[in-house]
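Since the structure comes first, as structure tokens, the remarks are kept for the end.
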Amino acid sequence: MSTTKGKFAIAILAAGKGTRLKSKLAKVLHEIAGKPLLAHVIEAVPRDIPAADVICIVGHQADRVRECVGSYGVQFVEQTEQRGTGHALMICREALARYENVLVLSGDVPLIRTETIERVRTFHTERGAAMTILTAMPPDPFGYGRIIRGNGDEVAAIVEQKQATPEQAAIREINSGIYAFNVRELFARIGRLGSNNPHREYYLTDMAGLLRADGLPVLALSAEDSTEVAGVNTRVELATLDALLRARKCTELMQSGVTIYRPETCTIDSEVQVGPDTVIEPFVQLLGKTVIGSDCRIRSYTVLTNTQVADGVTIKHGCISEDSIIEDNAILGPYSHLRPASHVGPQAHVGNFVEMKKTRLGRGSKANHLTYLGDAEIGEGVNVGAGTITCNYDGANKFKTIIGDGAFIGSDTTLVAPVKVGKGAYIAAASCITQDVPDDSLGLTRPPQITKEGWVTKKREKLKAKRGC
Ligand code: UD1
Ligand code: CA
């Protein structure tokens, strides 16, 4: 097979279990800023490298990892037994044969930026290196492989923490786990990697020494910012990077015209979008693919997941919404709950302790207090009284409630679906509606009131007589 001149493949090491996380879940599936570690790494791949040239080496929970990032269109190679970072590349020999170079990224180094990967690629090509190592100087180098420098940019070897002598452990420059290799030179020597180390693994880092011993150029390129190459090995590191990404996200939003009070208390996922002049109060969570328009106010303790919010919307304290849509100038809360597929129309109001599910509330309609609206289609200008309940479930199946424009639903109404209330119809308070109510008609199931005048006075007198006083 002929190599494609100058062509780069990307290999992402993602097979490890992540023992130090003490988790059932594979390390690269743990999330920061609402996205798996591996997804962050895949998204950092330079745009000019097609997904077909990106190889993820998967092993631990391979199927779950494949499923989780499959939509990126990347390739997968399975490392059934995880025998080290060197072994992970050994099994890619065939997949990499047609490339001249490979950029190796780590599935657990998620903050790496595209520009830095591009810098490694350009440096590697321009310098004609056999191996380029991206290095950094973190405040605490403990746990990382240390760079033993040769002359100038040259690297003599990488020494892992556990094997480092005290002098080597004092070296501040670390291996980021991100490299570029000349594929031919790599595979010409990969069989010579040994596993004579505390973990009995084949270390990719030993490749530096092997290439050097053959007089080939092994060069270091320093990352400008050491946080970018921070690895995630423990839950504490996971939390640190998550906080860092979320702080960056808030800064980005504030720079684009969003007001965020006490941003350190807000949890905003990396893909969330917010329009200018929207105000986000303390302790708000905006998750998944939530998109918020401009001039909105999101009050404290609200949690929005995959929710689309248009312009001028007010969401008062403590609202929860998932997979739902809220249109222009609507008002929600406090304490409203939108379950998936809810749609709040423009200028509509949803008030406290109102739960919606798979329900559309039309323009200007109001459901302000203590209500459940499930599988309902509610027109425009409808007033849904306090305590209204759609009985959408008979224990086996779900049924629809349809309410026409301008209808008035009295308080404490139960609407037993399937049922239809026509346009402009009225439902008297406390009714249990089991049959359709035509347009402009009144539906009423309330039993007539009985008033017994003086009944309590008589009752009291009887009681007094019994007690004999
Ligand atoms: C590795 C480097 C270390 C570097 C650090 C940077 C080695 C021997 N050491 O150490 O010099 O400073 O990264 O973060 O490479 N993996 C596989 N298959 C395996 C083993 C690991 O795919 O058989 C994957 C892991 O899932 C992980 C990555 O390779 O994404 C790195 O492995 P890890 O065990 O975390 O290496 P470190 O000890 O952090
Ligand atoms: Ca690691």
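By convention here, the chains of the structure tokens are called A, B, ... in the order presented, each chain's residues are numbered starting at 1, and ligands are numbered starting at 1 in the order presented.
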
Step by step, measure atom-to-atom distances between ligand 1 and each residue using only C-alpha atoms and all ligand atoms, keep those at most 6 Å, then write them as a list in words.
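Every residue with an atom at most 6 Å from ligand 1 is listed here: Leu13, Ala14, Ala15, Gly16, Ile57, Gln82, Arg83, Gly84, Thr85, Ala88, Ser106, Gly107, Asp108, Tyr144, Gly145, Glu160, Ile174, Asn175, Ser176, Gly177, Tyr203, Leu204, Thr205 and Gly231 of chain A.
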
Residues of the last selection are to be written out with N, CA, C and O atoms, as a short mmCIF file (atom, residue, chain, number, x, y, z; two decimals), in the first residue's frame.
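That gives us selection-v4.cif:
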data_model
loop_
_atom_site.label_atom_id
_atom_site.label_comp_id
_atom_site.auth_asym_id
_atom_site.auth_seq_id
_atom_site.Cartn_x
_atom_site.Cartn_y
_atom_site.Cartn_z
N LEU A 13 -6.35 7.64 22.01
CA LEU A 13 -6.27 6.53 22.97
C LEU A 13 -7.45 6.62 23.93
O LEU A 13 -7.57 7.57 24.70
N ALA A 14 -8.34 5.63 23.83
CA ALA A 14 -9.58 5.72 24.63
C ALA A 14 -10.02 4.36 25.14
O ALA A 14 -11.20 4.14 25.39
N ALA A 15 -9.07 3.43 25.30
CA ALA A 15 -9.46 2.07 25.66
C ALA A 15 -9.41 1.80 27.16
O ALA A 15 -9.97 0.82 27.63
N GLY A 16 -8.73 2.68 27.88
CA GLY A 16 -8.45 2.39 29.30
C GLY A 16 -9.70 2.41 30.17
O GLY A 16 -10.73 2.99 29.83
N ILE A 57 -9.19 4.33 19.58
CA ILE A 57 -8.84 3.00 20.08
C ILE A 57 -9.70 2.77 21.32
O ILE A 57 -9.57 3.48 22.32
N GLN A 82 -6.20 -4.26 27.42
CA GLN A 82 -5.48 -2.98 27.48
C GLN A 82 -4.11 -3.19 28.10
O GLN A 82 -3.96 -3.23 29.31
N ARG A 83 -3.13 -3.34 27.20
CA ARG A 83 -1.78 -3.64 27.68
C ARG A 83 -0.84 -2.45 27.56
O ARG A 83 0.36 -2.62 27.40
N GLY A 84 -1.41 -1.25 27.59
CA GLY A 84 -0.59 -0.05 27.63
C GLY A 84 -0.75 0.83 26.40
O GLY A 84 -1.29 0.41 25.37
N THR A 85 -0.26 2.06 26.53
CA THR A 85 -0.42 3.05 25.45
C THR A 85 0.36 2.64 24.20
O THR A 85 -0.07 2.93 23.08
N ALA A 88 -1.65 -0.03 22.48
CA ALA A 88 -2.81 0.57 21.80
C ALA A 88 -2.45 0.95 20.36
O ALA A 88 -3.25 0.82 19.44
N SER A 106 -4.95 11.89 23.55
CA SER A 106 -5.43 11.05 24.66
C SER A 106 -6.88 11.36 24.94
O SER A 106 -7.25 12.53 25.09
N GLY A 107 -7.69 10.32 25.04
CA GLY A 107 -9.11 10.51 25.36
C GLY A 107 -9.32 11.14 26.73
O GLY A 107 -10.41 11.61 27.04
N ASP A 108 -8.29 11.17 27.56
CA ASP A 108 -8.44 11.75 28.90
C ASP A 108 -7.71 13.08 29.04
O ASP A 108 -7.44 13.53 30.14
N TYR A 144 2.74 12.67 36.05
CA TYR A 144 3.00 12.70 34.61
C TYR A 144 4.37 12.10 34.28
O TYR A 144 5.26 12.04 35.15
N GLY A 145 4.55 11.71 33.01
CA GLY A 145 5.88 11.32 32.54
C GLY A 145 6.74 12.57 32.43
O GLY A 145 6.24 13.64 32.07
N GLU A 160 8.50 7.72 33.28
CA GLU A 160 7.23 7.74 34.01
C GLU A 160 7.46 7.99 35.50
O GLU A 160 8.52 7.65 36.04
N ILE A 174 6.67 18.11 31.61
CA ILE A 174 5.97 16.82 31.53
C ILE A 174 5.54 16.48 30.10
O ILE A 174 5.45 17.35 29.23
N ASN A 175 5.26 15.18 29.92
CA ASN A 175 4.72 14.69 28.66
C ASN A 175 3.20 14.84 28.71
O ASN A 175 2.55 14.32 29.61
N SER A 176 2.64 15.53 27.72
CA SER A 176 1.18 15.76 27.71
C SER A 176 0.41 14.53 27.25
O SER A 176 -0.81 14.47 27.40
N GLY A 177 1.11 13.56 26.66
CA GLY A 177 0.41 12.39 26.10
C GLY A 177 -0.09 12.69 24.69
O GLY A 177 -0.84 11.90 24.11
N TYR A 203 4.68 0.81 27.08
CA TYR A 203 4.52 2.26 27.16
C TYR A 203 4.89 2.92 25.83
O TYR A 203 6.01 2.72 25.32
N LEU A 204 4.01 3.72 25.31
CA LEU A 204 4.31 4.47 24.09
C LEU A 204 5.45 5.46 24.34
O LEU A 204 6.23 5.79 23.44
N THR A 205 5.55 5.88 25.57
CA THR A 205 6.58 6.86 25.94
C THR A 205 8.00 6.33 25.72
O THR A 205 8.94 7.09 25.46
N GLY A 231 -4.55 16.17 32.34
CA GLY A 231 -5.21 14.88 32.16
C GLY A 231 -6.23 14.63 33.26
O GLY A 231 -6.15 15.21 34.34
#

With only C-alpha atoms as the counted atoms, please give the residues lying no more than 7 Å from segment 330-342 of chain A, apart from itself and same-chain residues fewer than 4 positions off, as an mmCIF file with C-alpha atoms, in the first residue's frame.
data_model
loop_
_atom_site.group_PDB
_atom_site.id
_atom_site.type_symbol
_atom_site.label_atom_id
_atom_site.label_comp_id
_atom_site.auth_asym_id
_atom_site.auth_seq_id
_atom_site.Cartn_x
_atom_site.Cartn_y
_atom_site.Cartn_z
ATOM 1 C CA VAL A 313 -39.102 35.272 28.172
ATOM 2 C CA THR A 314 -39.199 35.455 31.975
ATOM 3 C CA ILE A 315 -38.513 32.243 33.827
ATOM 4 C CA LYS A 316 -39.030 32.815 37.524
ATOM 5 C CA HIS A 317 -37.424 30.890 40.365
ATOM 6 C CA GLY A 318 -37.118 27.142 40.466
ATOM 7 C CA CYS A 319 -38.480 26.080 37.074
ATOM 8 C CA ILE A 320 -37.494 22.761 35.518
ATOM 9 C CA SER A 321 -37.773 22.135 31.787
ATOM 10 C CA GLU A 322 -36.603 19.357 29.532
ATOM 11 C CA ASP A 323 -36.804 18.975 25.726
ATOM 12 C CA SER A 324 -39.371 21.758 25.485
ATOM 13 C CA ILE A 325 -40.022 25.027 23.653
ATOM 14 C CA ILE A 326 -40.938 28.380 25.191
ATOM 15 C CA PRO A 346 -45.960 33.423 22.839
ATOM 16 C CA GLN A 347 -47.116 35.518 25.815
ATOM 17 C CA ALA A 348 -48.499 32.427 27.518
ATOM 18 C CA HIS A 349 -48.199 32.107 31.305
ATOM 19 C CA VAL A 350 -47.409 28.931 33.196
ATOM 20 C CA GLY A 351 -47.493 29.440 36.932
ATOM 21 C CA ASN A 352 -46.510 27.758 40.160
ATOM 22 C CA PHE A 353 -46.817 24.027 40.559
ATOM 23 C CA VAL A 354 -48.018 23.579 37.014
ATOM 24 C CA GLU A 355 -46.728 20.484 35.263
ATOM 25 C CA MET A 356 -46.902 20.078 31.503
ATOM 26 C CA LYS A 357 -46.038 17.045 29.387
ATOM 27 C CA LYS A 358 -46.394 16.678 25.601
ATOM 28 C CA THR A 359 -48.698 19.667 25.704
ATOM 29 C CA ARG A 360 -49.044 22.780 23.631
#

Point-to-point distance from atom CA of Ala425 of chain A to atom CA of Leu442 of chain A, Å rounded to tenths
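Distance between the two atoms: 5.8 Å.
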
Long-range neighbours of segment 68-77 of chain A as a tab-separated table (two decimals) with C-alpha atoms, in the first residue's frame, 7 Å cut-off, only C-alpha atoms, 2 positions minimum in chain:
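The result, stored in around-v5.tsv:
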chain	number	residue	atom	x	y	z
A	39	ALA	CA	-16.30	14.03	22.62
A	51	ALA	CA	-13.63	11.90	10.48
A	52	ALA	CA	-12.63	8.88	8.38
A	54	VAL	CA	-9.71	9.71	12.98
A	55	ILE	CA	-9.20	6.37	14.73
A	56	CYS	CA	-10.47	5.88	18.25
A	57	ILE	CA	-8.84	3.00	20.08
A	58	VAL	CA	-11.58	1.59	22.27
A	64	ARG	CA	-20.92	2.09	24.87
A	65	VAL	CA	-18.06	4.27	23.73
A	66	ARG	CA	-18.83	3.50	20.07
A	79	GLN	CA	-8.02	-3.10	21.93
A	92	CYS	CA	-3.36	0.14	14.74

Residues within 7 Å of Asp412 of chain A, only C-alpha atoms, excluding chain neighbours under 6 positions, as a ChimeraX atom specification
/A:385-388,429-430

Writer output for current selection, C-alpha atoms, as a PDB file, in the first residue's frame:
ATOM      1  CA  GLY A 385     -58.204  27.618  36.228  1.00  0.00           C
ATOM      2  CA  ALA A 386     -56.329  26.631  39.367  1.00  0.00           C
ATOM      3  CA  GLY A 387     -56.177  22.923  40.065  1.00  0.00           C
ATOM      4  CA  THR A 388     -57.191  21.775  36.591  1.00  0.00           C
ATOM      5  CA  ALA A 429     -65.511  25.108  38.429  1.00  0.00           C
ATOM      6  CA  ALA A 430     -65.130  21.668  40.004  1.00  0.00           C
TER       7      ALA A 430
END

Report as a list in words all protein, DNA and RNA residues lying within 7 Å of Val309 of chain A, evaluated on only C-alpha atoms, omitting residues in the same chain fewer than 2 positions from it.
Val291, Ile292, Gly293, Thr307, Asp311, Ile325, Ile326 and Glu327 of chain A

Enumerate the residues of segment 212-282 of chain A with a DSSP assignment of alpha helix (DSSP H), computed from the backbone, and present them as a list in words.
Arg212, Ala213, Arg235, Val236, Glu237, Leu238, Ala239, Thr240, Leu241, Asp242, Ala243, Leu244, Leu245, Arg246, Ala247, Arg248, Lys249, Cys250, Thr251, Glu252, Leu253, Met254 and Gln255 of chain A

With only C-alpha atoms as the atoms that count, which of A:Ile10, A:Gly410, A:Lys423, A:His87 lies nearest to Gly381 of chain A?
A:Lys423

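For the pair atom CA of Cys296 of chain A and atom CA of Asp242 of chain A, the interatomic distance is 26.0 Å.
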
Using only C-alpha atoms and all ligand atoms, the residue out of A:Gln163, A:Glu67, A:Val229, A:Glu43 with shortest distance to ligand 2 is A:Val229

Non-local contacts of segment 212-218 of chain A (9 Å; only C-alpha atoms; under 3 positions in same chain excluded) as a list of chain:residue names:
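Result of the neighbour search: A:Arg127, A:Gly128, A:Ala129, A:Ala130, A:Met131, A:Thr132, A:Ile133, A:Asp153, A:Glu154, A:Val155, A:Ala156, A:Ala157, A:Glu185, A:Met207, A:Ala208, A:Gly209.
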
If you keep N, CA and C atoms, can you produce a file of those selected residues as a PDB file, in the first residue's frame?
ATOM      1  N   ARG A 127       9.920  20.344  10.859  1.00  0.00           N
ATOM      2  CA  ARG A 127      11.193  19.898  11.439  1.00  0.00           C
ATOM      3  C   ARG A 127      11.567  18.485  11.006  1.00  0.00           C
ATOM      4  N   GLY A 128      10.689  17.832  10.282  1.00  0.00           N
ATOM      5  CA  GLY A 128      10.984  16.473   9.818  1.00  0.00           C
ATOM      6  C   GLY A 128      11.264  15.514  10.972  1.00  0.00           C
ATOM      7  N   ALA A 129      10.511  15.658  12.049  1.00  0.00           N
ATOM      8  CA  ALA A 129      10.754  14.827  13.234  1.00  0.00           C
ATOM      9  C   ALA A 129      10.218  13.415  13.045  1.00  0.00           C
ATOM     10  N   ALA A 130      10.841  12.467  13.750  1.00  0.00           N
ATOM     11  CA  ALA A 130      10.295  11.104  13.784  1.00  0.00           C
ATOM     12  C   ALA A 130       9.212  11.054  14.861  1.00  0.00           C
ATOM     13  N   MET A 131       9.416  11.843  15.927  1.00  0.00           N
ATOM     14  CA  MET A 131       8.434  11.931  17.008  1.00  0.00           C
ATOM     15  C   MET A 131       8.458  13.349  17.570  1.00  0.00           C
ATOM     16  N   THR A 132       7.283  13.968  17.653  1.00  0.00           N
ATOM     17  CA  THR A 132       7.184  15.278  18.301  1.00  0.00           C
ATOM     18  C   THR A 132       6.337  15.085  19.555  1.00  0.00           C
ATOM     19  N   ILE A 133       6.813  15.608  20.660  1.00  0.00           N
ATOM     20  CA  ILE A 133       6.084  15.449  21.933  1.00  0.00           C
ATOM     21  C   ILE A 133       5.614  16.820  22.386  1.00  0.00           C
ATOM     22  N   ASP A 153      15.887  21.408  21.217  1.00  0.00           N
ATOM     23  CA  ASP A 153      14.529  20.855  21.257  1.00  0.00           C
ATOM     24  C   ASP A 153      14.513  19.347  21.440  1.00  0.00           C
ATOM     25  N   GLU A 154      15.679  18.752  21.446  1.00  0.00           N
ATOM     26  CA  GLU A 154      15.705  17.282  21.431  1.00  0.00           C
ATOM     27  C   GLU A 154      15.318  16.661  22.769  1.00  0.00           C
ATOM     28  N   VAL A 155      14.647  15.512  22.649  1.00  0.00           N
ATOM     29  CA  VAL A 155      14.263  14.766  23.849  1.00  0.00           C
ATOM     30  C   VAL A 155      15.068  13.468  23.864  1.00  0.00           C
ATOM     31  N   ALA A 156      15.695  13.170  24.998  1.00  0.00           N
ATOM     32  CA  ALA A 156      16.473  11.937  25.101  1.00  0.00           C
ATOM     33  C   ALA A 156      15.564  10.773  25.507  1.00  0.00           C
ATOM     34  N   ALA A 157      14.613  11.071  26.391  1.00  0.00           N
ATOM     35  CA  ALA A 157      13.729   9.997  26.866  1.00  0.00           C
ATOM     36  C   ALA A 157      12.558  10.592  27.644  1.00  0.00           C
ATOM     37  N   GLU A 185       8.623   5.051  10.820  1.00  0.00           N
ATOM     38  CA  GLU A 185       9.639   4.905  11.876  1.00  0.00           C
ATOM     39  C   GLU A 185       9.015   4.319  13.152  1.00  0.00           C
ATOM     40  N   MET A 207       9.017   4.894  23.246  1.00  0.00           N
ATOM     41  CA  MET A 207       9.354   5.091  21.829  1.00  0.00           C
ATOM     42  C   MET A 207      10.365   6.228  21.667  1.00  0.00           C
ATOM     43  N   ALA A 208      10.288   7.217  22.561  1.00  0.00           N
ATOM     44  CA  ALA A 208      11.209   8.356  22.464  1.00  0.00           C
ATOM     45  C   ALA A 208      12.652   7.860  22.539  1.00  0.00           C
ATOM     46  N   GLY A 209      12.949   7.036  23.547  1.00  0.00           N
ATOM     47  CA  GLY A 209      14.297   6.504  23.734  1.00  0.00           C
ATOM     48  C   GLY A 209      14.727   5.635  22.555  1.00  0.00           C
TER      49      GLY A 209
END

Residues within 7 Å of Gly312 of chain A, please, as a ChimeraX atom specification. Count only C-alpha atoms; anything in the same chain fewer than 5 positions from it doesn't count.
/A:294-296,328-329

Pick from A:Ile178, A:Ala170, A:Ala62, A:Ala164: nearest to ligand 2, with only C-alpha atoms and all ligand atoms counted?
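The answer is A:Ile178, which sits nearest to ligand 2.
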
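Proximity to Gln435 of chain A was assessed for A:His60, A:Arg248, A:Lys420, A:Lys462 counting only C-alpha atoms; the smallest distance is recorded for A:Lys420.
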
Report the residues of segment 207-342 of chain A whose backbone DSSP state falls under strand (DSSP E), written as a PyMOL selection string.
chain A and resi 218-222+259-260+267-268+273-274+279-280+285-287+291-292+297-298+303-305+308-309+314-315+320-322+325-326+331-332+337-338

Output file for the residues above (N, CA, C and O atoms, as a compact mmCIF listing (two decimals), in the first residue's frame):
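Generated output (part.txt):
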# COMPACT_ATOMS: atom_id res chain seq x y z
N VAL A 218 13.80 13.29 17.79
CA VAL A 218 12.67 13.26 18.71
C VAL A 218 12.65 14.64 19.37
O VAL A 218 13.60 15.02 20.05
N LEU A 219 11.60 15.42 19.09
CA LEU A 219 11.61 16.82 19.49
C LEU A 219 10.45 17.17 20.43
O LEU A 219 9.38 16.56 20.36
N ALA A 220 10.72 18.15 21.29
CA ALA A 220 9.68 18.63 22.21
C ALA A 220 9.14 19.96 21.71
O ALA A 220 9.88 20.80 21.21
N LEU A 221 7.85 20.11 21.81
CA LEU A 221 7.21 21.40 21.53
C LEU A 221 6.42 21.75 22.78
O LEU A 221 5.61 20.95 23.26
N SER A 222 6.66 22.94 23.34
CA SER A 222 5.99 23.26 24.61
C SER A 222 4.63 23.89 24.38
O SER A 222 4.48 24.78 23.54
N THR A 259 -25.73 38.93 30.81
CA THR A 259 -25.40 39.24 32.21
C THR A 259 -25.53 37.96 33.02
O THR A 259 -26.56 37.28 32.95
N ILE A 260 -24.50 37.62 33.76
CA ILE A 260 -24.58 36.46 34.65
C ILE A 260 -24.16 36.92 36.04
O ILE A 260 -23.02 37.36 36.22
N THR A 267 -24.23 26.56 36.32
CA THR A 267 -23.72 25.39 35.62
C THR A 267 -24.22 25.46 34.19
O THR A 267 -25.40 25.23 33.94
N ILE A 268 -23.34 25.83 33.27
CA ILE A 268 -23.76 26.00 31.88
C ILE A 268 -22.93 25.09 30.99
O ILE A 268 -21.71 25.17 30.97
N GLN A 273 -26.45 28.06 24.11
CA GLN A 273 -26.35 29.39 23.49
C GLN A 273 -27.31 30.34 24.21
O GLN A 273 -28.43 29.95 24.53
N VAL A 274 -26.85 31.58 24.41
CA VAL A 274 -27.70 32.59 25.07
C VAL A 274 -27.54 33.91 24.33
O VAL A 274 -26.43 34.34 24.02
N VAL A 279 -30.51 38.01 31.23
CA VAL A 279 -29.92 38.05 32.57
C VAL A 279 -30.09 36.67 33.21
O VAL A 279 -31.18 36.12 33.26
N ILE A 280 -28.98 36.14 33.69
CA ILE A 280 -29.01 34.83 34.36
C ILE A 280 -28.65 35.04 35.82
O ILE A 280 -27.57 35.56 36.13
N GLN A 285 -28.97 26.40 36.13
CA GLN A 285 -28.30 25.38 35.32
C GLN A 285 -28.90 25.39 33.91
O GLN A 285 -30.11 25.26 33.75
N LEU A 286 -28.05 25.54 32.92
CA LEU A 286 -28.48 25.50 31.52
C LEU A 286 -27.73 24.34 30.89
O LEU A 286 -26.50 24.37 30.77
N LEU A 287 -28.46 23.29 30.50
CA LEU A 287 -27.80 22.04 30.15
C LEU A 287 -28.11 21.59 28.73
O LEU A 287 -29.09 22.01 28.12
N VAL A 291 -31.05 26.55 24.16
CA VAL A 291 -30.79 27.80 23.43
C VAL A 291 -31.74 28.85 24.00
O VAL A 291 -32.95 28.63 24.06
N ILE A 292 -31.19 29.98 24.41
CA ILE A 292 -32.02 31.05 24.98
C ILE A 292 -31.84 32.30 24.13
O ILE A 292 -30.73 32.65 23.74
N ARG A 297 -35.05 36.76 31.21
CA ARG A 297 -34.52 36.73 32.57
C ARG A 297 -34.72 35.32 33.12
O ARG A 297 -35.84 34.81 33.13
N ILE A 298 -33.63 34.71 33.53
CA ILE A 298 -33.70 33.35 34.06
C ILE A 298 -33.37 33.47 35.54
O ILE A 298 -32.23 33.75 35.91
N VAL A 303 -33.59 25.05 36.17
CA VAL A 303 -32.76 24.07 35.47
C VAL A 303 -33.40 23.81 34.11
O VAL A 303 -34.50 23.26 34.02
N LEU A 304 -32.73 24.20 33.04
CA LEU A 304 -33.26 23.99 31.69
C LEU A 304 -32.36 23.00 30.95
O LEU A 304 -31.16 23.20 30.85
N THR A 305 -32.98 21.92 30.43
CA THR A 305 -32.21 20.92 29.68
C THR A 305 -32.78 20.86 28.26
O THR A 305 -34.00 20.72 28.10
N GLN A 308 -35.60 25.18 24.23
CA GLN A 308 -35.46 26.36 23.37
C GLN A 308 -36.30 27.48 23.95
O GLN A 308 -37.52 27.34 24.07
N VAL A 309 -35.67 28.57 24.24
CA VAL A 309 -36.37 29.71 24.83
C VAL A 309 -36.21 30.89 23.84
O VAL A 309 -35.09 31.24 23.47
N THR A 314 -39.57 35.40 30.56
CA THR A 314 -39.20 35.45 31.97
C THR A 314 -39.41 34.07 32.56
O THR A 314 -40.51 33.52 32.47
N ILE A 315 -38.37 33.53 33.13
CA ILE A 315 -38.51 32.24 33.83
C ILE A 315 -38.19 32.51 35.28
O ILE A 315 -37.05 32.80 35.63
N ILE A 320 -38.23 23.88 36.09
CA ILE A 320 -37.49 22.76 35.52
C ILE A 320 -38.10 22.49 34.15
O ILE A 320 -39.32 22.38 34.02
N SER A 321 -37.26 22.39 33.13
CA SER A 321 -37.77 22.13 31.79
C SER A 321 -36.83 21.23 31.03
O SER A 321 -35.62 21.37 31.12
N GLU A 322 -37.42 20.29 30.30
CA GLU A 322 -36.60 19.36 29.53
C GLU A 322 -37.21 19.18 28.15
O GLU A 322 -38.43 19.00 28.01
N ILE A 325 -40.16 23.76 24.37
CA ILE A 325 -40.02 25.03 23.65
C ILE A 325 -40.83 26.10 24.39
O ILE A 325 -41.99 25.85 24.77
N ILE A 326 -40.23 27.27 24.55
CA ILE A 326 -40.94 28.38 25.19
C ILE A 326 -40.83 29.58 24.24
O ILE A 326 -39.73 30.00 23.90
N ILE A 331 -44.20 33.76 30.18
CA ILE A 331 -43.76 33.87 31.58
C ILE A 331 -43.96 32.51 32.26
O ILE A 331 -45.04 31.93 32.18
N LEU A 332 -42.93 32.04 32.89
CA LEU A 332 -42.99 30.74 33.59
C LEU A 332 -42.66 30.91 35.06
O LEU A 332 -41.81 31.73 35.40
N HIS A 337 -43.00 23.08 35.86
CA HIS A 337 -42.28 21.89 35.44
C HIS A 337 -42.70 21.51 34.02
O HIS A 337 -43.84 21.09 33.81
N LEU A 338 -41.81 21.70 33.06
CA LEU A 338 -42.12 21.31 31.68
C LEU A 338 -41.41 20.00 31.39
O LEU A 338 -40.19 19.96 31.31

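Nearest residue to Pro139 of chain A, choosing from A:Ser226, A:Thr122, A:Asn151, A:Asn368 and counting only C-alpha atoms: A:Ser226.
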
Selected residue, from A:Leu38, A:Ile91, A:Ile32, A:Ala230, that lies nearest to ligand 2 when counting only C-alpha atoms and all ligand atoms
A:Ala230

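Across the structure, atom CA of Ile42 of chain A and atom CA of Leu211 of chain A are spaced 28.0 Å apart.
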